[in-house]
Every structure is written in structure tokens, then in C-alpha cells.
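Source file: my_file_35.txt. Holds: compact mmCIF, C-alpha atoms.
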```txt
# COMPACT_ATOMS: atom_id res chain seq x y z
CA MET P 212 220.79 154.29 162.18
CA HIS P 213 224.52 154.04 162.79
CA ALA P 214 226.18 156.56 165.09
CA LEU P 215 228.38 157.76 162.22
CA GLU P 216 225.32 158.69 160.19
CA ARG P 217 223.75 160.42 163.18
CA ALA P 218 226.91 162.49 163.61
CA LEU P 219 226.83 163.52 159.95
CA ARG P 220 223.16 164.43 160.13
CA LYS P 221 223.90 166.78 163.01
CA GLU P 222 226.19 168.74 160.68
CA ALA P 223 223.73 168.77 157.77
CA SER P 224 223.07 172.02 155.93
CA PRO P 225 220.14 172.15 153.48
CA GLU P 226 221.68 175.18 151.78
CA LYS P 227 225.02 173.43 151.22
CA ALA P 228 223.19 170.30 150.16
CA ARG P 229 221.48 172.21 147.34
CA ILE P 230 224.84 173.55 146.17
CA LEU P 231 226.44 170.10 146.28
CA GLN P 232 223.52 168.53 144.42
CA ARG P 233 224.19 170.93 141.54
CA PHE P 234 228.00 170.71 141.73
CA PHE P 235 228.02 166.90 141.56
CA ARG P 236 225.51 166.79 138.71
CA THR P 237 222.76 164.77 140.39
CA GLY P 238 219.97 165.66 137.96
CA PRO P 239 218.28 163.25 135.54
CA GLY P 240 220.71 161.92 132.96
CA GLN P 241 223.74 163.43 134.68
CA TYR P 242 226.69 161.42 135.97
CA GLY P 243 225.60 161.70 139.61
CA GLU P 244 221.93 161.10 138.98
CA GLY P 245 220.08 160.22 142.18
CA ASP P 246 222.91 160.98 144.59
CA VAL P 247 221.65 162.61 147.80
CA PHE P 248 223.66 165.07 149.90
CA LEU P 249 223.33 166.14 153.52
CA GLY P 250 225.39 169.26 152.94
CA VAL P 251 228.45 168.28 155.03
CA MET P 252 231.76 169.41 153.57
CA VAL P 253 234.79 167.13 153.24
CA PRO P 254 236.79 168.48 156.23
CA GLU P 255 233.82 167.94 158.56
CA THR P 256 233.20 164.50 157.06
CA ARG P 257 236.86 163.59 157.64
CA ALA P 258 236.68 164.75 161.24
CA ILE P 259 233.61 162.61 161.89
CA ALA P 260 235.14 159.59 160.14
CA LYS P 261 238.16 159.82 162.45
CA ARG P 262 235.85 159.22 165.41
CA PHE P 263 235.09 155.72 164.08
CA PRO P 264 238.50 154.27 163.18
CA ASP P 265 237.80 150.62 163.94
CA LEU P 266 234.44 149.96 162.33
CA PRO P 267 234.20 146.30 161.28
CA LEU P 268 233.77 145.49 157.61
CA PRO P 269 230.08 144.50 157.94
CA ALA P 270 229.33 147.95 159.39
CA LEU P 271 231.27 149.64 156.58
CA ALA P 272 229.40 147.53 154.03
CA ALA P 273 226.10 148.70 155.49
CA LEU P 274 227.21 152.34 155.45
CA LEU P 275 228.28 152.03 151.82
CA GLN P 276 224.72 151.05 150.93
CA SER P 277 223.45 154.42 152.14
CA PRO P 278 221.87 156.73 149.56
CA LEU P 279 223.58 159.61 151.38
CA HIS P 280 226.78 160.72 149.70
CA GLU P 281 228.56 161.83 152.87
CA VAL P 282 227.82 158.54 154.63
CA ARG P 283 229.44 156.60 151.79
CA LEU P 284 232.38 159.02 151.76
CA ALA P 285 232.90 158.66 155.52
CA ALA P 286 232.86 154.86 155.19
CA LEU P 287 235.51 155.05 152.47
CA LEU P 288 237.64 157.40 154.55
CA VAL P 289 237.48 154.96 157.47
CA LEU P 290 238.44 152.12 155.12
CA GLY P 291 241.40 154.08 153.77
CA ASP P 292 242.58 154.88 157.29
CA GLN P 293 242.27 151.22 158.27
CA PHE P 294 244.34 150.27 155.22
CA SER P 295 247.10 152.69 156.22
CA ARG P 296 247.28 151.14 159.69
CA ALA P 297 246.76 147.50 158.76
CA PRO P 298 249.48 144.84 158.73
CA GLU P 299 250.31 143.53 155.28
CA ARG P 300 248.28 140.34 155.72
CA LYS P 301 245.09 142.37 156.22
CA ARG P 302 245.63 144.88 153.41
CA GLY P 303 244.66 142.33 150.79
CA GLN P 304 241.38 141.73 152.60
CA LEU P 305 240.64 145.46 152.73
CA THR P 306 241.48 145.86 149.04
CA ARG P 307 239.19 142.96 148.09
CA PHE P 308 236.44 144.53 150.18
CA TYR P 309 236.93 147.84 148.36
CA LEU P 310 236.74 146.21 144.94
CA GLN P 311 233.73 144.11 145.92
CA HIS P 312 231.85 147.24 147.00
CA ARG P 313 233.06 149.59 144.30
CA ALA P 314 229.54 149.93 142.85
CA ARG P 315 228.93 152.28 145.78
CA VAL P 316 232.02 154.33 144.88
CA ASN P 317 229.86 156.22 142.45
CA ASN P 318 230.92 159.82 142.21
CA TRP P 319 234.23 161.39 141.34
CA ASP P 320 235.17 162.58 144.82
CA LEU P 321 234.45 159.15 146.28
CA VAL P 322 236.81 157.69 143.69
CA ASP P 323 239.52 160.29 144.13
CA LEU P 324 239.60 160.07 147.93
CA SER P 325 239.68 156.28 148.04
CA ALA P 326 241.30 154.72 144.95
CA PRO P 327 244.91 155.87 145.56
CA ALA P 328 244.66 155.30 149.32
CA ILE P 329 243.47 151.71 149.01
CA LEU P 330 243.83 150.08 145.60
CA GLY P 331 246.78 152.23 144.58
CA ARG P 332 248.77 151.60 147.75
CA TRP P 333 248.05 147.88 147.52
CA LEU P 334 249.41 147.83 143.97
CA VAL P 335 252.56 149.61 145.11
CA GLU P 336 253.16 146.61 147.36
CA HIS P 337 251.92 144.02 144.83
CA PRO P 338 253.00 145.15 141.33
CA GLN P 339 252.29 141.68 139.96
CA GLN P 340 248.56 142.41 140.42
CA GLN P 341 248.42 145.36 138.04
CA ASP P 342 246.16 143.46 135.65
CA THR P 343 243.44 144.63 138.08
CA LEU P 344 243.91 148.11 136.61
CA ASP P 345 243.50 146.87 133.06
CA ARG P 346 240.28 145.04 133.92
CA LEU P 347 238.84 148.15 135.55
CA ALA P 348 239.99 150.38 132.70
CA CYS P 349 238.09 148.17 130.24
CA SER P 350 234.90 148.22 132.29
CA PRO P 351 231.74 149.74 130.79
CA ARG P 352 231.22 151.52 134.10
CA LEU P 353 232.53 155.10 134.22
CA TRP P 354 233.55 154.92 137.85
CA ASP P 355 235.53 151.70 137.38
CA ARG P 356 237.58 153.39 134.68
CA ARG P 357 238.18 156.43 136.86
CA ILE P 358 239.17 154.18 139.79
CA ALA P 359 241.74 152.51 137.54
CA ILE P 360 243.49 155.66 136.39
CA VAL P 361 243.28 157.59 139.68
CA ALA P 362 244.63 154.60 141.63
CA THR P 363 247.89 155.04 139.72
CA LEU P 364 248.54 158.24 141.68
CA ALA P 365 249.99 156.04 144.44
CA LEU P 366 252.26 154.37 141.87
CA ILE P 367 253.39 157.72 140.50
CA ARG P 368 254.28 158.83 144.02
CA ALA P 369 256.27 155.62 144.41
CA GLY P 370 258.29 156.47 141.30
CA ARG P 371 256.46 154.18 138.85
CA HIS P 372 254.72 155.98 136.03
CA GLU P 373 254.57 153.20 133.41
CA PRO P 374 251.09 151.96 134.51
CA THR P 375 249.72 155.50 134.22
CA LEU P 376 251.05 155.93 130.69
CA ARG P 377 249.73 152.52 129.66
CA LEU P 378 246.24 153.23 130.97
CA CYS P 379 246.15 156.69 129.43
CA ARG P 380 246.89 155.13 126.05
CA LEU P 381 244.17 152.58 126.67
CA LEU P 382 241.69 155.34 127.55
CA LEU P 383 242.48 157.74 124.70
CA ARG P 384 239.17 156.91 123.00
CA ASP P 385 237.07 156.98 126.15
CA ARG P 386 233.94 159.07 125.68
CA GLN P 387 233.60 160.34 129.25
CA ASP P 388 234.94 163.77 130.17
CA LEU P 389 235.50 162.65 133.78
CA VAL P 390 237.89 159.99 132.50
CA HIS P 391 239.65 162.53 130.26
CA LYS P 392 240.13 164.85 133.24
CA ALA P 393 241.48 162.05 135.42
CA CYS P 394 243.96 160.94 132.74
CA GLY P 395 245.16 164.49 132.20
CA TRP P 396 245.53 164.96 135.94
CA MET P 397 247.61 161.79 136.27
CA LEU P 398 249.79 162.76 133.30
CA ARG P 399 250.40 166.12 134.93
CA GLU P 400 251.44 164.28 138.11
CA VAL P 401 253.85 162.17 136.05
CA GLY P 402 255.34 165.37 134.66
CA LYS P 403 255.96 166.76 138.14
CA ARG P 404 258.30 163.84 138.82
CA ASP P 405 259.58 162.89 135.36
CA LEU P 406 259.16 165.64 132.82
CA GLN P 407 260.84 163.65 130.07
CA ALA P 408 258.33 160.82 130.50
CA LEU P 409 255.45 163.27 130.07
CA ARG P 410 257.09 164.90 127.07
CA GLY P 411 257.71 161.53 125.45
CA PHE P 412 254.05 160.61 125.91
CA LEU P 413 252.87 163.94 124.49
CA ASP P 414 255.19 163.72 121.49
CA GLN P 415 253.60 160.38 120.62
CA GLU P 416 249.98 160.95 121.63
CA ALA P 417 249.09 164.65 121.77
CA GLY P 418 247.52 164.47 118.33
CA ARG P 419 245.17 161.70 119.52
CA MET P 420 244.36 162.96 123.02
CA PRO P 421 240.91 164.34 123.84
CA ARG P 422 241.12 168.09 124.26
CA THR P 423 240.32 168.02 128.00
CA MET P 424 242.93 165.35 128.71
CA LEU P 425 245.54 167.31 126.77
CA ARG P 426 244.79 170.61 128.51
CA TYR P 427 245.06 169.04 131.96
CA ALA P 428 248.28 167.23 131.06
CA ILE P 429 250.14 170.28 129.73
CA GLU P 430 248.99 172.73 132.39
CA ARG P 431 252.46 173.11 133.99
CA LEU P 432 254.52 173.18 130.78
CA PRO P 433 256.04 176.37 129.34
CA GLU P 434 253.59 178.38 127.26
CA GLN P 435 255.33 177.80 123.94
CA GLU P 436 255.31 174.06 124.53
CA ARG P 437 251.64 174.12 125.52
CA ARG P 438 250.75 175.95 122.31
CA ARG P 439 252.65 173.43 120.21
CA HIS P 440 250.78 170.50 121.71
CA LEU P 441 247.45 172.29 121.40
CA ARG P 442 248.16 172.84 117.70
CA GLN P 443 248.76 169.10 117.37
CA GLY P 444 245.34 168.49 118.87
CA ALA P 445 243.74 171.14 116.71
CA ALA P 446 245.22 169.57 113.58
CA ARG P 447 243.51 166.30 114.51
CA ASP P 448 240.17 168.05 115.03
```

Can the structure in the file be given as C-alpha cells, please?
Amino acid sequence: MHALERALRKEASPEKARILQRFFRTGPGQYGEGDVFLGVMVPETRAIAKRFPDLPLPALAALLQSPLHEVRLAALLVLGDQFSRAPERKRGQLTRFYLQHRARVNNWDLVDLSAPAILGRWLVEHPQQQDTLDRLACSPRLWDRRIAIVATLALIRAGRHEPTLRLCRLLLRDRQDLVHKACGWMLREVGKRDLQALRGFLDQEAGRMPRTMLRYAIERLPEQERRRHLRQGAARD
């Protein structure tokens, strides 16, 4: 057993684990089916991950194979920290590693805490590689599609919202609520920085947007404007 896992096990809480098992929908047929929790919260997991900043990629690969959610999360946090400190020549290697092991990025918090920090930041530096997002967005795997849209948070923060809008259009017919929520969240982030871009998207697409995506996207708009867009969605329904 790796020292990182031993450190996490020392912080385990069976009571918190039961709560997390329910919160992350780990029951049969649910999106997190089979995921196993120790009951360590994110701040404690972050603190433990910081104690292992220089783990080699083979060790991170082994940790990502763990059935324990917090072990996988800690490995991803270490990887994200390594990316932030790495010279440019190594960032491509770390991004490829992330994409090669993304099957173990298999719950929404694992996606949200890793995709912008690794894939998203790499795409900020390599905009010519954005076809990676389109491939992931067209994947049959739920978590690939969420990785694609959430990774664009780094692009939004860098002042580039076009990839987000393109992917949201691509994902309008997605059947997964977790994708709808992620798209709405990213659209809301676009609106924080470029309100006209969000309004232009809504004027074109509100009538086609899944209800959850629409509600997330318009959350910060004035009430009258929110009601207008909700009526557009209701007319479609």
C-alpha cells in the first residue's frame, strides 16, 4: 500500500463515507455505481496530496487504479499540481497521461477538480489542439463529455469562450443531467466575463436547451430576463 493511501486511511470516517456514498450516487444503476469512499473530505484530501508533490507517473497510474475515490482524487490533485509547476516541454506528457488514464476519472468531482487544471490549461497554451475537446464531447462515455465541457473553464478564464459555446451547442441533445449541469455552469461562467456572448447564445438556443442547462446558465441574469428565457423553454416543452 502506498504511503499516500495509508495517510488517507488514517483520516477515514465510516459515517462520512456513508453520506458520500449516497451523495455521489453509488448505488446500482446510478452514475457512480460501485465507487467506494473512505469518508475523507476534499480539504483533507488536498492537504494529504500536498505531502506527495513529486510522485512519478507510474506511482500515480497505480493510485488511479484504486477502487477508493479519495485515492484517485488525491492522485489527480498531485497530477494537477505537477502540471502547474512543470516546464512547457513536460506539460504535454502530463496531459497525455491524464487522457490515457481518464477512465479512472469517473465521478463528477474527479472531473471538475482535474479537467480545467490539466487539459484546460494545456489547451490554453495549445489552441490548435482543441479538436481533443470535440472528440471527448462526442464520446459515448458520460465522464468524457463532462471532461470536455468542464475543461473549457480554463479557456473562459483566459478570455476565450468560443470553445464553450461550440461544445454547448454540440451537447444540446445530450441525455445526461450531469452534462446539462456542466454546460449550464460553463455558460454562466461565460456570462460573468462576457454577458453579451451569453445573451447571444441564449437568444439563439434557449428554446432548444434542456431545462437544467438553461436554469444553470441564466442563474445570474435579471429576473425578468430569466423568466423570458424560461418561457422560451416552456414553449418548446

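With distances restricted to all atoms listed in the file, P:Trp396 is the closest residue to Ala428 (chain P) from P:Trp396, P:Phe294, P:Tyr309, P:Phe235.
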
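Taking only C-alpha atoms into account, Asp292 (chain P) lies nearest to P:Pro264 out of the set P:Pro264, P:Gly418, P:Gly243, P:Pro374.
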
Assuming 4 Å of padding per side, give the centre and edge lengths of the axis-aligned box around every listed atom of region 212-231 of chain P, in Å to one decimal and as JSON.
```
{"center_x": 224.3, "center_y": 164.6, "center_z": 155.6, "size_x": 16.2, "size_y": 29.1, "size_z": 26.9}
```

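Residue nearest Ala362 (chain P) within the list P:Arg346, P:Asp385, P:Leu279, P:Ala326: P:Ala326 [criterion: smallest interatomic distance, only C-alpha atoms].
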
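Among the candidates P:Leu310, P:Leu271, P:Met420, P:Met252, the one nearest to Ala228 (chain P) when counting only C-alpha atoms is P:Met252.
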
Using only C-alpha atoms and a cutoff of 12 Å, can you tell me which residues are near (258.4, 155.3, 145.8) in the file's coordinates, and write them out as a PyMOL selection string? chain P and resi 332+334-336+364-372+404

Residues within 12 Å of Leu274 (chain P), please, as number ranges by chain. Count all atoms listed in the file; anything in the same chain fewer than 5 positions from it doesn't count. P: 212-217, 260, 266-269, 279-290, 312, 315-316

Expressed in Å to a single decimal, how great is the separation between CA of Ala348 (chain P) and CA of Leu378 (chain P)? 7.1 Å

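Proximity to Arg262 (chain P) was assessed for P:Ala218, P:Leu406, P:Arg380, P:Pro278 counting only C-alpha atoms; the smallest distance is recorded for P:Ala218.
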
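CA of Ala223 (chain P) lies 5.0 Å from CA of Leu249 (chain P).
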
Closest of P:Leu441, P:Val253, P:Leu389, P:Leu432 to Leu353 (chain P), counting all atoms listed in the file, is P:Leu389

Show which residues sit within 9 Å of Ala314 (chain P), as a PyMOL selection string. Count only C-alpha atoms, and ignore same-chain residues fewer than 3 positions away. chain P and resi 310-311+317+354-355

Restricting it to C-alpha atoms, dump the selection as a PDB file, keeping the file's coordinate frame.
```pdb
ATOM      1  CA  LEU P 310     236.740 146.210 144.940  1.00  0.00           C
ATOM      2  CA  GLN P 311     233.730 144.110 145.920  1.00  0.00           C
ATOM      3  CA  ASN P 317     229.860 156.220 142.450  1.00  0.00           C
ATOM      4  CA  TRP P 354     233.550 154.920 137.850  1.00  0.00           C
ATOM      5  CA  ASP P 355     235.530 151.700 137.380  1.00  0.00           C
TER       6      ASP P 355
END
```

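Note that the spacing between CA of Arg257 (chain P) and CA of Gln387 (chain P) amounts to 28.8 Å.
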
Using only C-alpha atoms, determine which residues lie at most 8 Å from region 410-415 of chain P, disregarding the query and same-chain residues fewer than 6 positions distant; provide the list as a list of chain:residue names. P:Leu376, P:Gly402, P:His440
